[in-house]
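Source file: run.pdb. Holds: PDB, C-alpha atoms and all ligand atoms.
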```pdb
ATOM      1  CA  MET A  28     -15.874  -7.705   9.339  1.00  0.00           C
ATOM      2  CA  LEU A  29     -12.805  -5.395   9.371  1.00  0.00           C
ATOM      3  CA  ASP A  30     -10.479  -8.379   8.734  1.00  0.00           C
ATOM      4  CA  LEU A  31     -12.705  -9.501   5.882  1.00  0.00           C
ATOM      5  CA  LEU A  32     -12.490  -6.047   4.274  1.00  0.00           C
ATOM      6  CA  LYS A  33      -8.723  -6.099   4.675  1.00  0.00           C
ATOM      7  CA  ASN A  34      -8.441  -9.538   3.029  1.00  0.00           C
ATOM      8  CA  ILE A  35     -10.526  -8.418   0.049  1.00  0.00           C
ATOM      9  CA  LEU A  36      -8.384  -5.316  -0.328  1.00  0.00           C
ATOM     10  CA  VAL A  37      -5.142  -7.329  -0.314  1.00  0.00           C
ATOM     11  CA  ARG A  38      -6.486  -9.809  -2.876  1.00  0.00           C
ATOM     12  CA  TYR A  39      -7.575  -7.127  -5.292  1.00  0.00           C
ATOM     13  CA  ARG A  40      -4.454  -5.013  -4.827  1.00  0.00           C
ATOM     14  CA  LEU A  41      -2.238  -8.007  -5.594  1.00  0.00           C
ATOM     15  CA  ILE A  42      -4.267  -8.890  -8.699  1.00  0.00           C
ATOM     16  CA  PHE A  43      -4.087  -5.302  -9.874  1.00  0.00           C
ATOM     17  CA  LEU A  44      -0.434  -4.726  -9.052  1.00  0.00           C
ATOM     18  CA  ALA A  45       0.858  -7.929 -10.656  1.00  0.00           C
ATOM     19  CA  PRO A  46       0.358  -6.860 -14.303  1.00  0.00           C
ATOM     20  CA  TYR A  47       1.189  -3.271 -13.442  1.00  0.00           C
ATOM     21  CA  VAL A  48       4.649  -4.021 -12.067  1.00  0.00           C
ATOM     22  CA  LYS A  49       5.516  -6.215 -15.063  1.00  0.00           C
ATOM     23  CA  GLY A  50       6.412  -3.108 -17.020  1.00  0.00           C
ATOM     24  CA  VAL A  51       8.311  -1.380 -14.226  1.00  0.00           C
ATOM     25  CA  THR A  52      12.076  -1.246 -14.514  1.00  0.00           C
ATOM     26  CA  LEU A  53      14.063  -2.682 -11.630  1.00  0.00           C
ATOM     27  CA  ARG A  54      14.499   0.104  -9.163  1.00  0.00           C
ATOM     28  CA  ARG A  55      16.744  -1.432  -6.539  1.00  0.00           C
ATOM     29  CA  GLY A  56      19.724   0.710  -7.564  1.00  0.00           C
ATOM     30  CA  GLU A  57      17.938   3.810  -6.305  1.00  0.00           C
ATOM     31  CA  GLY A  58      18.384   2.529  -2.775  1.00  0.00           C
ATOM     32  CA  GLU A  59      22.088   3.361  -3.131  1.00  0.00           C
ATOM     33  CA  ALA A  60      21.109   7.002  -2.654  1.00  0.00           C
ATOM     34  CA  MET A  61      20.907   6.144   1.047  1.00  0.00           C
ATOM     35  CA  ALA A  62      24.689   6.435   1.117  1.00  0.00           C
ATOM     36  CA  VAL A  63      24.501  10.229   0.677  1.00  0.00           C
ATOM     37  CA  LEU A  64      22.153  10.926   3.590  1.00  0.00           C
ATOM     38  CA  ASN A  65      23.356  13.667   5.892  1.00  0.00           C
ATOM     39  CA  LEU A  66      22.926  12.005   9.287  1.00  0.00           C
ATOM     40  CA  SER A  67      23.474  15.103  11.407  1.00  0.00           C
ATOM     41  CA  GLU A  68      20.706  16.928   9.492  1.00  0.00           C
ATOM     42  CA  LEU A  69      18.353  14.035  10.137  1.00  0.00           C
ATOM     43  CA  GLU A  70      19.027  13.880  13.879  1.00  0.00           C
ATOM     44  CA  THR A  71      16.337  16.427  14.820  1.00  0.00           C
ATOM     45  CA  SER A  72      13.563  14.689  12.861  1.00  0.00           C
ATOM     46  CA  ARG A  73      14.629  11.151  13.746  1.00  0.00           C
ATOM     47  CA  ARG A  74      13.067  10.694  17.174  1.00  0.00           C
ATOM     48  CA  PRO A  75       9.686  12.343  16.455  1.00  0.00           C
ATOM     49  CA  PHE A  76       9.372  10.311  13.261  1.00  0.00           C
ATOM     50  CA  ILE A  77      10.184   7.026  15.003  1.00  0.00           C
ATOM     51  CA  SER A  78       7.707   7.869  17.799  1.00  0.00           C
ATOM     52  CA  SER A  79       4.923   8.729  15.366  1.00  0.00           C
ATOM     53  CA  LEU A  80       5.444   5.439  13.515  1.00  0.00           C
ATOM     54  CA  LEU A  81       5.387   3.562  16.816  1.00  0.00           C
ATOM     55  CA  GLU A  82       2.136   5.254  17.768  1.00  0.00           C
ATOM     56  CA  GLU A  83       0.481   4.671  14.407  1.00  0.00           C
ATOM     57  CA  SER A  84       1.713   1.168  13.557  1.00  0.00           C
ATOM     58  CA  GLY A  85       2.565  -0.291  16.970  1.00  0.00           C
ATOM     59  CA  THR A  86       6.018  -1.108  15.598  1.00  0.00           C
ATOM     60  CA  ASP A  87       9.343   0.159  16.904  1.00  0.00           C
ATOM     61  CA  VAL A  88      11.464   0.435  13.767  1.00  0.00           C
ATOM     62  CA  THR A  89      14.658   0.731  15.840  1.00  0.00           C
ATOM     63  CA  GLU A  90      14.351  -2.986  16.638  1.00  0.00           C
ATOM     64  CA  CYS A  91      15.039  -3.950  13.015  1.00  0.00           C
ATOM     65  CA  TYR A  92      18.544  -5.439  12.648  1.00  0.00           C
ATOM     66  CA  GLN A  93      18.563  -5.350   8.842  1.00  0.00           C
ATOM     67  CA  CYS A  94      18.666  -9.082   8.141  1.00  0.00           C
ATOM     68  CA  GLY A  95      16.709  -8.551   4.885  1.00  0.00           C
ATOM     69  CA  LYS A  96      14.283 -11.457   5.322  1.00  0.00           C
ATOM     70  CA  CYS A  97      11.328  -9.133   4.735  1.00  0.00           C
ATOM     71  CA  SER A  98      12.682  -8.015   1.363  1.00  0.00           C
ATOM     72  CA  ALA A  99      13.587 -11.553   0.324  1.00  0.00           C
ATOM     73  CA  GLY A 100       9.944 -12.621   0.672  1.00  0.00           C
ATOM     74  CA  CYS A 101       8.233  -9.489  -0.643  1.00  0.00           C
ATOM     75  CA  PRO A 102       6.424 -10.227  -3.953  1.00  0.00           C
ATOM     76  CA  LEU A 103       6.764  -6.600  -5.083  1.00  0.00           C
ATOM     77  CA  SER A 104      10.238  -5.636  -3.880  1.00  0.00           C
ATOM     78  CA  HIS A 105      11.674  -5.867  -7.417  1.00  0.00           C
ATOM     79  CA  ALA A 106       9.507  -2.925  -8.457  1.00  0.00           C
ATOM     80  CA  MET A 107      10.143  -0.783  -5.379  1.00  0.00           C
ATOM     81  CA  ASP A 108      12.711   2.015  -5.252  1.00  0.00           C
ATOM     82  CA  TYR A 109      13.540   0.980  -1.666  1.00  0.00           C
ATOM     83  CA  GLN A 110      13.058  -2.604  -0.576  1.00  0.00           C
ATOM     84  CA  PRO A 111      11.174  -3.205   2.682  1.00  0.00           C
ATOM     85  CA  HIS A 112      14.349  -3.545   4.810  1.00  0.00           C
ATOM     86  CA  GLN A 113      15.626  -0.288   3.272  1.00  0.00           C
ATOM     87  CA  VAL A 114      12.341   1.410   4.130  1.00  0.00           C
ATOM     88  CA  MET A 115      12.872   0.263   7.722  1.00  0.00           C
ATOM     89  CA  ARG A 116      16.430   1.650   7.677  1.00  0.00           C
ATOM     90  CA  LEU A 117      15.274   4.987   6.297  1.00  0.00           C
ATOM     91  CA  CYS A 118      12.719   5.143   9.104  1.00  0.00           C
ATOM     92  CA  GLN A 119      15.397   4.367  11.691  1.00  0.00           C
ATOM     93  CA  LEU A 120      17.497   7.213  10.318  1.00  0.00           C
ATOM     94  CA  GLY A 121      14.577   9.651  10.300  1.00  0.00           C
ATOM     95  CA  ALA A 122      14.798  10.142   6.520  1.00  0.00           C
ATOM     96  CA  ARG A 123      11.104  11.011   6.336  1.00  0.00           C
ATOM     97  CA  GLU A 124      11.292  12.947   3.043  1.00  0.00           C
ATOM     98  CA  LYS A 125      12.865  10.044   1.195  1.00  0.00           C
ATOM     99  CA  VAL A 126      10.561   7.415   2.592  1.00  0.00           C
ATOM    100  CA  LEU A 127       7.327   9.428   2.343  1.00  0.00           C
ATOM    101  CA  ASN A 128       8.103  10.306  -1.273  1.00  0.00           C
ATOM    102  CA  SER A 129       9.073   6.755  -2.251  1.00  0.00           C
ATOM    103  CA  SER A 130       7.137   4.496  -4.594  1.00  0.00           C
ATOM    104  CA  SER A 131       7.604   1.560  -2.201  1.00  0.00           C
ATOM    105  CA  ILE A 132       4.861   2.647   0.179  1.00  0.00           C
ATOM    106  CA  TRP A 133       2.361   2.763  -2.708  1.00  0.00           C
ATOM    107  CA  LEU A 134       3.414  -0.480  -4.349  1.00  0.00           C
ATOM    108  CA  CYS A 135       3.133  -2.423  -1.082  1.00  0.00           C
ATOM    109  CA  ALA A 136       0.058  -4.660  -1.343  1.00  0.00           C
ATOM    110  CA  ALA A 137      -0.254  -5.181   2.436  1.00  0.00           C
ATOM    111  CA  CYS A 138       0.070  -8.936   1.916  1.00  0.00           C
ATOM    112  CA  MET A 139       1.819  -9.290   5.328  1.00  0.00           C
ATOM    113  CA  THR A 140       4.504 -11.686   4.029  1.00  0.00           C
ATOM    114  CA  CYS A 141       7.254  -9.442   5.401  1.00  0.00           C
ATOM    115  CA  SER A 142       5.630  -9.258   8.844  1.00  0.00           C
ATOM    116  CA  ALA A 143       5.232 -13.058   8.975  1.00  0.00           C
ATOM    117  CA  ARG A 144       8.899 -13.600   8.070  1.00  0.00           C
ATOM    118  CA  CYS A 145      10.495 -11.079  10.411  1.00  0.00           C
ATOM    119  CA  PRO A 146      12.595 -12.783  13.107  1.00  0.00           C
ATOM    120  CA  ARG A 147      12.084  -9.709  15.322  1.00  0.00           C
ATOM    121  CA  ASP A 148       8.268  -9.938  15.034  1.00  0.00           C
ATOM    122  CA  LEU A 149       8.124  -6.477  13.497  1.00  0.00           C
ATOM    123  CA  ASP A 150       4.973  -5.587  11.584  1.00  0.00           C
ATOM    124  CA  ILE A 151       6.546  -4.043   8.483  1.00  0.00           C
ATOM    125  CA  ALA A 152       3.206  -4.081   6.637  1.00  0.00           C
ATOM    126  CA  SER A 153       1.727  -1.838   9.336  1.00  0.00           C
ATOM    127  CA  VAL A 154       4.692   0.514   9.050  1.00  0.00           C
ATOM    128  CA  MET A 155       4.035   0.738   5.295  1.00  0.00           C
ATOM    129  CA  GLU A 156       0.382   1.520   6.007  1.00  0.00           C
ATOM    130  CA  ALA A 157       1.346   4.165   8.573  1.00  0.00           C
ATOM    131  CA  LEU A 158       3.675   5.745   6.009  1.00  0.00           C
ATOM    132  CA  ARG A 159       0.908   5.812   3.377  1.00  0.00           C
ATOM    133  CA  ARG A 160      -1.471   7.447   5.818  1.00  0.00           C
ATOM    134  CA  THR A 161       1.142  10.000   6.881  1.00  0.00           C
ATOM    135  CA  ALA A 162       1.876  10.845   3.235  1.00  0.00           C
ATOM    136  CA  LEU A 163      -1.829  11.346   2.504  1.00  0.00           C
ATOM    137  CA  ARG A 164      -2.345  13.453   5.647  1.00  0.00           C
ATOM    138  CA  GLU A 165       0.512  15.706   4.595  1.00  0.00           C
ATOM    139  CA  GLY A 166      -1.031  16.126   1.143  1.00  0.00           C
ATOM    140  CA  ARG A 167       1.881  14.492  -0.656  1.00  0.00           C
ATOM    141  CA  ARG A 168       1.357  13.482  -4.232  1.00  0.00           C
ATOM    142  CA  PRO A 169       1.676   9.686  -4.375  1.00  0.00           C
ATOM    143  CA  LYS A 170       4.638   8.670  -6.526  1.00  0.00           C
ATOM    144  CA  GLU A 171       2.548   5.831  -7.956  1.00  0.00           C
ATOM    145  CA  ALA A 172      -0.534   7.871  -8.833  1.00  0.00           C
ATOM    146  CA  ARG A 173      -2.279   4.991 -10.632  1.00  0.00           C
ATOM    147  CA  VAL A 174      -2.022   2.760  -7.554  1.00  0.00           C
ATOM    148  CA  SER A 175      -3.468   5.523  -5.410  1.00  0.00           C
ATOM    149  CA  LEU A 176      -6.329   6.046  -7.898  1.00  0.00           C
ATOM    150  CA  PHE A 177      -7.125   2.332  -7.887  1.00  0.00           C
ATOM    151  CA  HIS A 178      -7.072   2.323  -4.075  1.00  0.00           C
ATOM    152  CA  GLU A 179      -9.543   5.222  -3.944  1.00  0.00           C
ATOM    153  CA  LEU A 180     -11.948   3.647  -6.492  1.00  0.00           C
ATOM    154  CA  PHE A 181     -11.729   0.265  -4.796  1.00  0.00           C
ATOM    155  CA  LEU A 182     -12.738   1.718  -1.426  1.00  0.00           C
ATOM    156  CA  SER A 183     -15.519   3.722  -3.024  1.00  0.00           C
ATOM    157  CA  SER A 184     -16.968   0.554  -4.624  1.00  0.00           C
ATOM    158  CA  LEU A 185     -16.745  -1.255  -1.302  1.00  0.00           C
ATOM    159  CA  ARG A 186     -18.535   1.571   0.526  1.00  0.00           C
ATOM    160  CA  ASN A 187     -21.318   1.784  -2.070  1.00  0.00           C
ATOM    161  CA  TYR A 188     -22.074  -1.905  -2.558  1.00  0.00           C
ATOM    162  CA  GLY A 189     -20.369  -3.755   0.311  1.00  0.00           C
ATOM    163  CA  ARG A 190     -18.468  -5.666  -2.366  1.00  0.00           C
ATOM    164  CA  ILE A 191     -16.523  -4.915  -5.508  1.00  0.00           C
ATOM    165  CA  PHE A 192     -18.375  -4.043  -8.702  1.00  0.00           C
ATOM    166  CA  GLU A 193     -15.581  -4.919 -11.121  1.00  0.00           C
ATOM    167  CA  VAL A 194     -17.002  -3.327 -14.287  1.00  0.00           C
ATOM    168  CA  GLY A 195     -17.661  -0.027 -12.498  1.00  0.00           C
ATOM    169  CA  LEU A 196     -14.257  -0.118 -10.804  1.00  0.00           C
ATOM    170  CA  MET A 197     -12.295  -0.780 -13.987  1.00  0.00           C
ATOM    171  CA  GLY A 198     -14.429   1.644 -16.044  1.00  0.00           C
ATOM    172  CA  GLY A 199     -13.790   4.428 -13.527  1.00  0.00           C
ATOM    173  CA  TYR A 200     -10.114   3.544 -13.393  1.00  0.00           C
ATOM    174  CA  LYS A 201      -9.705   3.606 -17.163  1.00  0.00           C
ATOM    175  CA  LEU A 202     -11.516   6.892 -17.583  1.00  0.00           C
ATOM    176  CA  ARG A 203      -9.618   8.658 -14.833  1.00  0.00           C
ATOM    177  CA  SER A 204      -6.183   7.205 -15.607  1.00  0.00           C
ATOM    178  CA  GLY A 205      -6.486   7.616 -19.383  1.00  0.00           C
ATOM    179  CA  ASP A 206      -5.324   4.020 -19.790  1.00  0.00           C
ATOM    180  CA  LEU A 207      -8.275   3.123 -22.020  1.00  0.00           C
ATOM    181  CA  PHE A 208      -7.081   0.233 -24.116  1.00  0.00           C
ATOM    182  CA  SER A 209      -4.964  -2.110 -21.982  1.00  0.00           C
ATOM    183  CA  ASP A 210      -6.401  -5.492 -20.911  1.00  0.00           C
ATOM    184  CA  LEU A 211      -9.447  -5.237 -23.210  1.00  0.00           C
ATOM    185  CA  GLU A 212      -8.995  -8.817 -24.395  1.00  0.00           C
ATOM    186  CA  LEU A 213      -8.758 -10.035 -20.803  1.00  0.00           C
ATOM    187  CA  GLY A 214     -11.963  -8.128 -19.998  1.00  0.00           C
ATOM    188  CA  ARG A 215     -13.727  -9.686 -22.983  1.00  0.00           C
ATOM    189  CA  GLN A 216     -12.701 -13.206 -21.921  1.00  0.00           C
ATOM    190  CA  MET A 217     -13.833 -12.626 -18.339  1.00  0.00           C
ATOM    191  CA  PHE A 218     -17.161 -11.294 -19.567  1.00  0.00           C
ATOM    192  CA  MET A 219     -17.694 -14.303 -21.874  1.00  0.00           C
ATOM    193  CA  LYS A 220     -17.053 -16.629 -18.930  1.00  0.00           C
ATOM    194  CA  GLY A 221     -19.604 -14.799 -16.809  1.00  0.00           C
ATOM    195  CA  ARG A 222     -16.980 -13.409 -14.403  1.00  0.00           C
ATOM    196  CA  LEU A 223     -17.995  -9.776 -14.969  1.00  0.00           C
ATOM    197  CA  LYS A 224     -21.485  -8.566 -14.143  1.00  0.00           C
ATOM    198  CA  LEU A 225     -22.825  -5.546 -16.005  1.00  0.00           C
ATOM    199  CA  PHE A 226     -24.888  -4.323 -13.052  1.00  0.00           C
ATOM    200  CA  PRO A 227     -23.785  -3.925  -9.431  1.00  0.00           C
ATOM    201  CA  HIS A 228     -25.089  -6.156  -6.669  1.00  0.00           C
ATOM    202  CA  ARG A 229     -25.399  -4.579  -3.223  1.00  0.00           C
ATOM    203  CA  ILE A 230     -25.009  -6.898  -0.227  1.00  0.00           C
ATOM    204  CA  ARG A 231     -27.703  -6.913   2.466  1.00  0.00           C
ATOM    205  CA  GLU A 232     -25.270  -5.791   5.201  1.00  0.00           C
ATOM    206  CA  VAL A 233     -24.004  -2.748   3.286  1.00  0.00           C
ATOM    207  CA  GLY A 234     -25.062  -0.552   6.221  1.00  0.00           C
ATOM    208  CA  GLU A 235     -22.538  -2.326   8.469  1.00  0.00           C
ATOM    209  CA  VAL A 236     -19.782  -1.791   5.929  1.00  0.00           C
ATOM    210  CA  ARG A 237     -20.604   1.919   5.781  1.00  0.00           C
ATOM    211  CA  GLN A 238     -20.509   2.134   9.560  1.00  0.00           C
ATOM    212  CA  ILE A 239     -16.962   0.739   9.478  1.00  0.00           C
ATOM    213  CA  PHE A 240     -15.976   3.439   6.990  1.00  0.00           C
ATOM    214  CA  GLU A 241     -17.554   6.078   9.241  1.00  0.00           C
ATOM    215  CA  ARG A 242     -15.713   4.763  12.300  1.00  0.00           C
ATOM    216  CA  ILE A 243     -12.386   4.805  10.459  1.00  0.00           C
ATOM    217  CA  ARG A 244     -13.043   8.335   9.205  1.00  0.00           C
ATOM    218  CA  ASP A 245     -13.806   9.481  12.763  1.00  0.00           C
ATOM    219  CA  MET A 246     -10.661   7.767  14.088  1.00  0.00           C
ATOM    220  CA  GLU A 247      -8.532   9.419  11.425  1.00  0.00           C
ATOM    221  CA  GLY A 248     -10.176  12.761  12.110  1.00  0.00           C
ATOM    222  CA  ASN A 249      -9.288  12.449  15.776  1.00  0.00           C
ATOM    223  CA  GLY A 250      -5.798  11.085  15.089  1.00  0.00           C
TER     224      GLY A 250
HETATM  225  S1  LIG B 301      12.936  -9.084   8.550  1.00  0.00           S
HETATM  226 FE1  LIG B 301      12.596  -7.772  10.345  1.00  0.00          FE
HETATM  227  S2  LIG B 301      14.621  -7.532  11.289  1.00  0.00           S
HETATM  228 FE2  LIG B 301      14.946  -8.350   9.228  1.00  0.00          FE
HETATM  229  S3  LIG B 301      15.279  -6.499   7.956  1.00  0.00           S
HETATM  230 FE3  LIG B 301      13.115  -6.964   7.841  1.00  0.00          FE
HETATM  231  S4  LIG B 301      12.184  -5.737   9.477  1.00  0.00           S
HETATM  232 FE4  LIG B 301      14.366  -5.834   9.878  1.00  0.00          FE
HETATM  233  S1  LIG B 302       3.211  -6.252   2.988  1.00  0.00           S
HETATM  234 FE1  LIG B 302       5.423  -6.551   3.021  1.00  0.00          FE
HETATM  235  S2  LIG B 302       5.784  -8.314   1.713  1.00  0.00           S
HETATM  236 FE2  LIG B 302       3.720  -7.583   1.243  1.00  0.00          FE
HETATM  237  S3  LIG B 302       3.984  -6.156  -0.458  1.00  0.00           S
HETATM  238 FE3  LIG B 302       4.085  -4.931   1.410  1.00  0.00          FE
HETATM  239  S4  LIG B 302       6.247  -4.811   1.912  1.00  0.00           S
HETATM  240 FE4  LIG B 302       6.013  -6.470   0.447  1.00  0.00          FE
END
```
Translate the structure described by the file into C-alpha cells.
Amino acid sequence: MLDLLKNILVRYRLIFLAPYVKGVTLRRGEGEAMAVLNLSELETSRRPFISSLLEESGTDVTECYQCGKCSAGCPLSHAMDYQPHQVMRLCQLGAREKVLNSSSIWLCAACMTCSARCPRDLDIASVMEALRRTALREGRRPKEARVSLFHELFLSSLRNYGRIFEVGLMGGYKLRSGDLFSDLELGRQMFMKGRLKLFPHRIREVGEVRQIFERIRDMEGNG
C-alpha cells in the first residue's frame, strides 16, 4: 500500500510540475556559486550532515564520484538551481545551508530516474527526500512555495478520500496560491470529457490509508 501511495504521488507531482517548470528560467548557472564555498568553515558541519543523511536516506553521499549520470537523466534538472550531482557534491562538502535552501529539493518529483541510473547504486531520490524532510523539520521556508503547497494539498486529499479528488485539490490550490486563472481551458476540456468529477469519491479502504499516515507521523515524531 505504501508503494502504491508513493507511485500516485510521483505521477501527480510530475503532471503538476511539467507545466510549472515551463516558465522557469534555466537556473544551472547558479551552481557556479559552489566555487566560492569556504571549505574550512564547512568542515565542522560536514560529518554530522553526512551522517544524518546516511541515517535518514540510507545513502552515503561520500560514495558519489560526480559522473553526472543522475543529472543527465533527471527530467527536471533544467529548472533546478543545483542539478542532482551538484546537490550530492554540496552534501559531500557539508554545505547544508545552500542545499537546504535550494529550489532543487522542492522541484524533485521523486521519479527515481537518477537512482536507477547511478553506477554507484546511490539512491539520490532518497537523499532529496531526506533533504526536504530536514528543511521542513527546521522550519525553513520552501524556495518553491507553490510546489510545497501542492504537496500539502495532495496529501490532505489522499488522507481524506484514499484517492485524489482533483476538483477539490485544484480549487484549494488556486485559492491558496492566488493563481486563479491559469489552465481554465484545460480544466473545461477535462470536465467535458468526464475526467473531472464534481463530488469526491472515498475508497472503501480509506481507514488503511489513514493508518499509514498515522504511522508515518509517529515515525517522524520519534525521529
Ligand atoms: S550518478 Fe551517482 S555517482 Fe554519478 S554523480 Fe550521480 S550520484 Fe554521483
Ligand atoms: S528523483 Fe532524481 S531524476 Fe527524478 S526529479 Fe528527483 S532528482 Fe530528478
**Prompt:** For the atom pair atom CA of Arg159 of chain A and atom S1 of ligand LIG 302 (chain B), what is the interatomic distance in Å to one decimal place?
**Reply:** 12.3 Å
Contacts of segment 175-178 of chain A within 8 Å, all atoms listed in the file, excl. fewer than 4 positions in-chain, as a PDB file with C-alpha atoms, in the frame of the given file:
```pdb
ATOM      1  CA  ARG A  40      -4.454  -5.013  -4.827  1.00  0.00           C
ATOM      2  CA  TRP A 133       2.361   2.763  -2.708  1.00  0.00           C
ATOM      3  CA  PRO A 169       1.676   9.686  -4.375  1.00  0.00           C
ATOM      4  CA  GLU A 171       2.548   5.831  -7.956  1.00  0.00           C
ATOM      5  CA  LEU A 182     -12.738   1.718  -1.426  1.00  0.00           C
ATOM      6  CA  TYR A 200     -10.114   3.544 -13.393  1.00  0.00           C
ATOM      7  CA  SER A 204      -6.183   7.205 -15.607  1.00  0.00           C
TER       8      SER A 204
END
```
With all atoms of ligand LIG 301 (chain B) from the file as input, state the centre and edge lengths in Å to one decimal of the axis-aligned box that has 6 Å extra on each side, as AutoDock Vina command-line options.
```
--center_x 13.7 --center_y -7.4 --center_z 9.6 --size_x 15.1 --size_y 15.3 --size_z 15.4
```
**Request:** Return as an MDAnalysis selection string every polymer residue, whether protein, DNA or RNA, with at least one atom no more than 6 Å from an atom of ligand LIG 302 (chain B); count all atoms listed in the file.
**Result:** chainID A and resid 101:103 111 135:141 152
At a cut-off of 9 Å around ligand LIG 301 (chain B), and using all atoms listed in the file, what residues come up? Please write them as a compact mmCIF listing (two decimals) with C-alpha atoms, keeping the file's coordinate frame.
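File pocket-v4.txt, as written:
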```txt
# COMPACT_ATOMS: atom_id res chain seq x y z
CA VAL A 88 11.46 0.44 13.77
CA THR A 89 14.66 0.73 15.84
CA GLU A 90 14.35 -2.99 16.64
CA CYS A 91 15.04 -3.95 13.02
CA TYR A 92 18.54 -5.44 12.65
CA GLN A 93 18.56 -5.35 8.84
CA CYS A 94 18.67 -9.08 8.14
CA GLY A 95 16.71 -8.55 4.88
CA LYS A 96 14.28 -11.46 5.32
CA CYS A 97 11.33 -9.13 4.74
CA SER A 98 12.68 -8.02 1.36
CA ALA A 99 13.59 -11.55 0.32
CA PRO A 111 11.17 -3.20 2.68
CA HIS A 112 14.35 -3.54 4.81
CA GLN A 113 15.63 -0.29 3.27
CA VAL A 114 12.34 1.41 4.13
CA MET A 115 12.87 0.26 7.72
CA ARG A 116 16.43 1.65 7.68
CA CYS A 141 7.25 -9.44 5.40
CA SER A 142 5.63 -9.26 8.84
CA ALA A 143 5.23 -13.06 8.98
CA ARG A 144 8.90 -13.60 8.07
CA CYS A 145 10.50 -11.08 10.41
CA PRO A 146 12.60 -12.78 13.11
CA ARG A 147 12.08 -9.71 15.32
CA ASP A 148 8.27 -9.94 15.03
CA LEU A 149 8.12 -6.48 13.50
CA ASP A 150 4.97 -5.59 11.58
CA ILE A 151 6.55 -4.04 8.48
```
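Atom CA of Ser183 of chain A lies 14.2 Å from atom CA of His228 of chain A.
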So that I can check the surroundings of segment 209-219 of chain A, please list as a PDB file with C-alpha atoms, keeping the file's coordinate frame every protein, DNA and RNA residue that reaches within 12 Å of it, counting only C-alpha atoms and ignoring chain neighbours fewer than 4 positions away.
```pdb
ATOM      1  CA  PHE A  43      -4.087  -5.302  -9.874  1.00  0.00           C
ATOM      2  CA  PRO A  46       0.358  -6.860 -14.303  1.00  0.00           C
ATOM      3  CA  TYR A  47       1.189  -3.271 -13.442  1.00  0.00           C
ATOM      4  CA  GLU A 193     -15.581  -4.919 -11.121  1.00  0.00           C
ATOM      5  CA  VAL A 194     -17.002  -3.327 -14.287  1.00  0.00           C
ATOM      6  CA  MET A 197     -12.295  -0.780 -13.987  1.00  0.00           C
ATOM      7  CA  GLY A 198     -14.429   1.644 -16.044  1.00  0.00           C
ATOM      8  CA  TYR A 200     -10.114   3.544 -13.393  1.00  0.00           C
ATOM      9  CA  LYS A 201      -9.705   3.606 -17.163  1.00  0.00           C
ATOM     10  CA  LEU A 202     -11.516   6.892 -17.583  1.00  0.00           C
ATOM     11  CA  SER A 204      -6.183   7.205 -15.607  1.00  0.00           C
ATOM     12  CA  GLY A 205      -6.486   7.616 -19.383  1.00  0.00           C
ATOM     13  CA  LEU A 223     -17.995  -9.776 -14.969  1.00  0.00           C
ATOM     14  CA  LYS A 224     -21.485  -8.566 -14.143  1.00  0.00           C
ATOM     15  CA  LEU A 225     -22.825  -5.546 -16.005  1.00  0.00           C
TER      16      LEU A 225
END
```
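Minimum atom-to-atom distance to Arg160 of chain A, evaluated using all atoms listed in the file, belongs to A:Glu83 out of A:Glu83, A:Ser131, A:Ala172, A:Arg237.
In this model, the gap between atom CA of Ala122 of chain A and atom CA of Ser79 of chain A comes to 13.3 Å.
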**Request:** Apply the PyMOL selection byres (((chain A and resi 130) around 12) and not hetatm) to the displayed file and report the matching residues as JSON, numbers by chain.
**Result:** {"A": [48, 51, 54, 55, 57, 58, 103, 104, 105, 106, 107, 108, 109, 110, 111, 114, 125, 126, 127, 128, 129, 131, 132, 133, 134, 135, 155, 158, 159, 162, 167, 168, 169, 170, 171, 172, 173, 174, 175]}
**Message:** Here's the selection I'm unsure about, the PyMOL selection byres (((chain A and resi 120) around 10) and not hetatm); applied to the file above, which residues does it give, as a PyMOL selection string?
**Reply:** chain A and resi 61+64-67+69-70+72-74+76-77+88-89+114-119+121-123
**Item:** Residue nearest Arg231 of chain A - candidates A:Glu165, A:Thr86, A:Val154, A:Tyr188, atoms counted: only C-alpha atoms
**Value:** A:Tyr188
